[in-house]
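What follows is the content of structure.tsv (TSV, C-alpha atoms).
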```tsv
chain	number	residue	atom	x	y	z
A	825	MET	CA	-14.42	-32.35	-65.11
A	826	ASN	CA	-17.50	-34.45	-64.49
A	827	HIS	CA	-16.91	-35.89	-61.01
A	828	VAL	CA	-14.43	-37.32	-58.52
A	829	GLY	CA	-14.98	-40.51	-56.51
A	830	VAL	CA	-13.88	-40.65	-52.87
A	831	THR	CA	-14.02	-43.60	-50.46
A	832	VAL	CA	-15.18	-43.02	-46.88
A	833	SER	CA	-15.95	-45.36	-43.99
A	834	ASP	CA	-19.25	-43.73	-42.91
A	835	LEU	CA	-21.40	-42.56	-45.80
A	836	GLU	CA	-24.06	-40.67	-43.82
A	837	LYS	CA	-21.48	-38.74	-41.83
A	838	ALA	CA	-19.50	-37.98	-45.00
A	839	ILE	CA	-22.62	-36.68	-46.78
A	840	ASP	CA	-23.40	-34.40	-43.84
A	841	TRP	CA	-19.77	-33.28	-43.63
A	842	TYR	CA	-19.42	-32.27	-47.31
A	843	VAL	CA	-22.85	-30.64	-47.36
A	844	ASN	CA	-22.28	-28.66	-44.15
A	845	VAL	CA	-18.61	-27.73	-44.66
A	846	PHE	CA	-18.63	-26.93	-48.38
A	847	GLY	CA	-22.30	-26.40	-49.21
A	848	LEU	CA	-22.40	-29.29	-51.69
A	849	GLU	CA	-25.83	-30.40	-52.85
A	850	LEU	CA	-26.91	-33.97	-52.17
A	851	MET	CA	-28.38	-35.08	-55.48
A	852	ASP	CA	-29.00	-38.75	-54.74
A	853	GLY	CA	-28.30	-41.24	-52.00
A	854	PRO	CA	-27.47	-43.07	-49.95
A	855	ILE	CA	-27.90	-45.82	-52.52
A	856	ASP	CA	-27.31	-49.50	-51.75
A	857	ALA	CA	-25.60	-51.51	-54.50
A	858	SER	CA	-24.75	-55.18	-54.28
A	859	LEU	CA	-24.53	-58.30	-56.41
A	860	ALA	CA	-28.34	-58.44	-56.20
A	861	THR	CA	-29.06	-54.90	-57.49
A	862	VAL	CA	-29.36	-53.47	-60.98
A	863	GLY	CA	-25.94	-52.68	-62.44
A	864	ALA	CA	-24.13	-55.35	-60.42
A	865	SER	CA	-22.24	-56.83	-63.37
A	866	ARG	CA	-21.06	-53.37	-64.48
A	867	ARG	CA	-19.91	-52.51	-60.97
A	868	GLN	CA	-18.14	-55.82	-60.54
A	869	GLU	CA	-16.32	-55.21	-63.81
A	870	VAL	CA	-15.23	-51.76	-62.57
A	871	PHE	CA	-14.21	-52.77	-59.03
A	872	GLY	CA	-13.07	-56.34	-59.66
A	873	PRO	CA	-14.04	-59.83	-58.53
A	874	ASN	CA	-13.68	-59.09	-54.80
A	875	TRP	CA	-16.42	-56.44	-54.96
A	876	THR	CA	-19.70	-57.57	-53.43
A	877	GLY	CA	-21.39	-54.37	-52.34
A	878	MET	CA	-21.25	-50.71	-51.50
A	879	ARG	CA	-23.26	-47.68	-50.56
A	880	LEU	CA	-22.86	-44.46	-52.50
A	881	ALA	CA	-24.10	-40.90	-52.81
A	882	HIS	CA	-23.92	-38.24	-55.50
A	883	LEU	CA	-23.13	-34.66	-54.45
A	884	MET	CA	-22.50	-31.59	-56.58
A	885	THR	CA	-20.50	-28.38	-56.17
A	886	ALA	CA	-21.94	-24.96	-57.00
A	887	ASN	CA	-20.15	-25.02	-60.38
A	888	GLY	CA	-21.61	-28.40	-61.34
A	889	THR	CA	-18.71	-30.75	-60.58
A	890	GLY	CA	-19.77	-34.00	-58.96
A	891	LEU	CA	-18.41	-35.67	-55.84
A	892	GLU	CA	-19.31	-39.35	-55.61
A	893	LEU	CA	-18.89	-40.79	-52.13
A	894	PHE	CA	-18.39	-44.55	-51.71
A	895	GLU	CA	-18.62	-46.74	-48.62
A	896	PHE	CA	-17.60	-50.24	-49.67
A	897	VAL	CA	-19.21	-53.16	-47.83
A	898	GLY	CA	-17.41	-55.99	-49.59
A	899	PRO	CA	-14.53	-55.81	-49.37
A	900	PRO	CA	-14.83	-53.50	-46.35
A	901	VAL	CA	-13.24	-50.07	-46.28
A	902	GLU	CA	-9.71	-49.91	-44.88
A	903	SER	CA	-8.34	-46.68	-43.46
A	904	LEU	CA	-4.69	-45.77	-43.87
A	905	GLU	CA	-2.75	-43.92	-41.20
A	906	ASP	CA	-1.64	-41.38	-43.82
A	907	ASN	CA	-3.69	-41.35	-47.02
A	908	PHE	CA	-1.58	-38.63	-48.70
A	909	THR	CA	0.47	-40.95	-50.91
A	910	TYR	CA	1.43	-38.29	-53.46
A	911	TRP	CA	4.44	-40.30	-54.66
A	912	ARG	CA	2.16	-43.04	-56.01
A	913	VAL	CA	0.66	-42.80	-59.47
A	914	GLY	CA	-2.95	-41.61	-59.33
A	915	PRO	CA	-4.96	-38.89	-57.63
A	916	HIS	CA	-3.74	-37.70	-54.25
A	917	HIS	CA	-6.09	-34.84	-53.37
A	918	ILE	CA	-9.24	-32.98	-54.32
A	919	ALA	CA	-9.29	-29.19	-54.38
A	920	LEU	CA	-12.36	-27.12	-53.66
A	921	THR	CA	-12.67	-23.41	-54.42
A	922	VAL	CA	-14.27	-21.60	-51.49
A	923	ALA	CA	-15.77	-18.11	-51.44
A	924	ASP	CA	-14.76	-17.30	-47.85
A	925	PHE	CA	-11.42	-19.03	-47.24
A	926	ASP	CA	-11.14	-18.37	-43.49
A	927	ALA	CA	-14.74	-19.38	-42.80
A	928	ALA	CA	-14.41	-22.57	-44.86
A	929	LEU	CA	-11.22	-23.56	-43.05
A	930	GLN	CA	-12.89	-22.95	-39.68
A	931	ARG	CA	-15.98	-25.00	-40.68
A	932	LEU	CA	-13.69	-27.82	-41.80
A	933	LEU	CA	-11.84	-27.81	-38.48
A	934	ASP	CA	-15.02	-27.47	-36.40
A	935	ALA	CA	-16.55	-30.44	-38.25
A	936	GLY	CA	-13.66	-32.80	-37.48
A	937	GLY	CA	-11.35	-32.18	-40.43
A	938	THR	CA	-7.65	-31.51	-39.90
A	939	GLN	CA	-5.26	-28.91	-41.28
A	940	ARG	CA	-2.20	-30.57	-42.88
A	941	THR	CA	-0.33	-27.37	-43.84
A	942	GLY	CA	-0.30	-23.69	-43.11
A	943	VAL	CA	-2.28	-21.24	-45.22
A	944	HIS	CA	-0.10	-20.13	-48.13
A	945	ASP	CA	-0.55	-17.08	-50.32
A	946	VAL	CA	0.70	-18.52	-53.61
A	947	PHE	CA	0.66	-15.04	-55.16
A	948	GLY	CA	-1.54	-11.98	-54.88
A	949	GLY	CA	-4.26	-13.40	-52.66
A	950	ALA	CA	-4.46	-16.89	-54.14
A	951	TYR	CA	-4.60	-18.80	-50.85
A	952	VAL	CA	-4.24	-22.57	-50.49
A	953	CYS	CA	-4.26	-24.92	-47.53
A	954	TYR	CA	-4.03	-28.70	-47.52
A	955	CYS	CA	-6.39	-30.41	-45.09
A	956	SER	CA	-7.94	-33.83	-44.51
A	957	ASP	CA	-11.56	-34.81	-44.17
A	958	PRO	CA	-12.44	-36.99	-41.14
A	959	TRP	CA	-11.75	-40.13	-43.24
A	960	GLY	CA	-8.21	-39.14	-44.20
A	961	ASN	CA	-8.87	-37.93	-47.75
A	962	THR	CA	-6.72	-34.92	-48.62
A	963	VAL	CA	-8.75	-31.81	-49.44
A	964	GLU	CA	-7.08	-28.62	-50.65
A	965	LEU	CA	-8.91	-25.37	-49.94
A	966	VAL	CA	-8.37	-22.74	-52.65
A	967	SER	CA	-9.46	-19.10	-52.59
A	968	LYS	CA	-9.38	-18.51	-56.37
A	969	SER	CA	-10.55	-20.29	-59.51
A	970	TYR	CA	-8.23	-22.84	-61.04
A	971	ARG	CA	-7.28	-20.40	-63.82
A	972	GLU	CA	-6.38	-17.72	-61.26
A	973	LEU	CA	-4.47	-20.22	-59.14
A	974	SER	CA	-2.58	-21.56	-62.17
A	975	ASN	CA	-1.66	-18.02	-63.20
A	976	ALA	CA	-0.52	-17.28	-59.65
A	977	THR	CA	1.81	-20.29	-59.55
A	978	MET	CA	3.59	-19.01	-62.67
A	979	GLN	CA	4.59	-15.76	-60.96
A	980	PRO	CA	8.23	-15.28	-59.86
```
Written as structure tokens, how would this file's structure read?
Amino acid sequence: MNHVGVTVSDLEKAIDWYVNVFGLELMDGPIDASLATVGASRRQEVFGPNWTGMRLAHLMTANGTGLELFEFVGPPVESLEDNFTYWRVGPHHIALTVADFDAALQRLLDAGGTQRTGVHDVFGGAYVCYCSDPWGNTVELVSKSYRELSNATMQP
């Protein structure tokens, strides 16, 4: 996977949050993009005719997967009361593998994130916990690689 895009309502705070909680590397940003900046026609094609501007940042995980954070200016960002709309077609969460599960969960909570579920041992020490970042995006903490987690979910 190359990257995942996530919308937030405060780009600077979101950059700090993902860097401090998960150790992501800020590669570039904040970047201002509007109808007057290079790439405007491409962005308007992607986001549609109502798009007039945004701010964005590029972050990267330790294994090289990107996280692109967006704060839209036009139209402005709208927050939902519950952003975990898993029954709708499309992505409903991002999952991050963490080296120290308990410490990562505590950092997430201390930094204003919320815990949506209990901590579950899927099988043999493959722990998962669904949480939310301060902007309501669902973030799953995982203690094992995706291959190990997938293997664990196939156990009886």
Determine, counting all atoms listed in the file, which protein, DNA and RNA residues have an atom within 6 Å of an atom of segment 894-907 of chain A; residues of the same chain fewer than 3 positions away are not included. Present the result as a VMD selection string.
chain A and resid 831 to 833 835 875 to 880 960
So, counting all atoms listed in the file, which residue among A:Ser967, A:Ala923, A:Leu883, A:Leu929 is closest to Val843 of chain A?
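Going through A:Ser967, A:Ala923, A:Leu883, A:Leu929 one by one, the smallest distance to Val843 of chain A is for A:Leu883.
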Which residues are close to Glu892 of chain A, i.e. within 8 Å by only C-alpha atoms, leaving aside same-chain residues fewer than 6 positions away? Reply as an MDAnalysis selection string.
chainID A and resid 827:830 880:883
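Of note, atom CA of Gly937 of chain A and atom CA of Pro958 of chain A are spaced 5.0 Å apart.
Between atom CA of His917 of chain A and atom CA of Thr962 of chain A the separation is 4.8 Å.
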Report the distance between atom CA of Met884 of chain A and atom CA of Leu848 of chain A in Å, rounded to one decimal place.
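Atom-to-atom, atom CA of Met884 of chain A to atom CA of Leu848 of chain A, that is 5.4 Å.
Of the residues under consideration (A:Val952, A:Arg940, A:Arg931, A:Leu920), A:Arg931 shows the shortest atom-to-atom contact distance to Trp841 of chain A when counting all atoms listed in the file.
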Would you list the residues near (-22.1, -27.7, -54.6), meaning any protein, DNA or RNA residue with an atom at most 7 Å from that point in file coordinates, counting only C-alpha atoms, as a list in words?
Gly847, Leu848, Glu849, Met884, Thr885, Ala886, Asn887 and Gly888 of chain A
Selection to disk with C-alpha atoms, as a PDB file, in the frame of the given file:
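Once everything was written out, this is selection_6.pdb:
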```pdb
ATOM      1  CA  GLY A 847     -22.300 -26.400 -49.210  1.00  0.00           C
ATOM      2  CA  LEU A 848     -22.400 -29.290 -51.690  1.00  0.00           C
ATOM      3  CA  GLU A 849     -25.830 -30.400 -52.850  1.00  0.00           C
ATOM      4  CA  MET A 884     -22.500 -31.590 -56.580  1.00  0.00           C
ATOM      5  CA  THR A 885     -20.500 -28.380 -56.170  1.00  0.00           C
ATOM      6  CA  ALA A 886     -21.940 -24.960 -57.000  1.00  0.00           C
ATOM      7  CA  ASN A 887     -20.150 -25.020 -60.380  1.00  0.00           C
ATOM      8  CA  GLY A 888     -21.610 -28.400 -61.340  1.00  0.00           C
TER       9      GLY A 888
END
```
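Minimum atom-to-atom distance to Asn961 of chain A, evaluated using only C-alpha atoms, belongs to A:Ile918 out of A:Ile918, A:Ile839, A:Val913, A:Leu859.
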What box, with edges along x, y and z, holds each listed atom of segment 954-959 of chain A when 6 Å is added on every side, and can you state its centre and edge lengths in Å to one decimal, as lines of an AutoDock Vina configuration file?
```
center_x = -8.2
center_y = -34.4
center_z = -44.3
size_x = 20.4
size_y = 23.4
size_z = 18.4
```
Could you check which of A:Trp959, A:Phe908, A:Tyr954, A:Phe846 is closest to Val922 of chain A, using only C-alpha atoms?
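Closest residue, counting only C-alpha atoms: A:Phe846.
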Skip Ala950 of chain A itself and residues of its chain fewer than 5 positions away, then list as number ranges by chain all residues within 9 Å of it, counting all atoms listed in the file.
A: 944-945, 966-969, 972-973, 976-977
Measuring atom to atom with only C-alpha atoms, identify which of A:Gln868, A:Ser956, A:Asn826, A:Asn975 is nearest to Thr938 of chain A.
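Among the listed residues, the smallest separation from Thr938 of chain A belongs to A:Ser956.
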Best match for closeness to Val946 of chain A among A:Asn844, A:Ser974, A:Thr889, A:Ser865, counting all atoms listed in the file:
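Among the listed residues, the smallest separation from Val946 of chain A belongs to A:Ser974.
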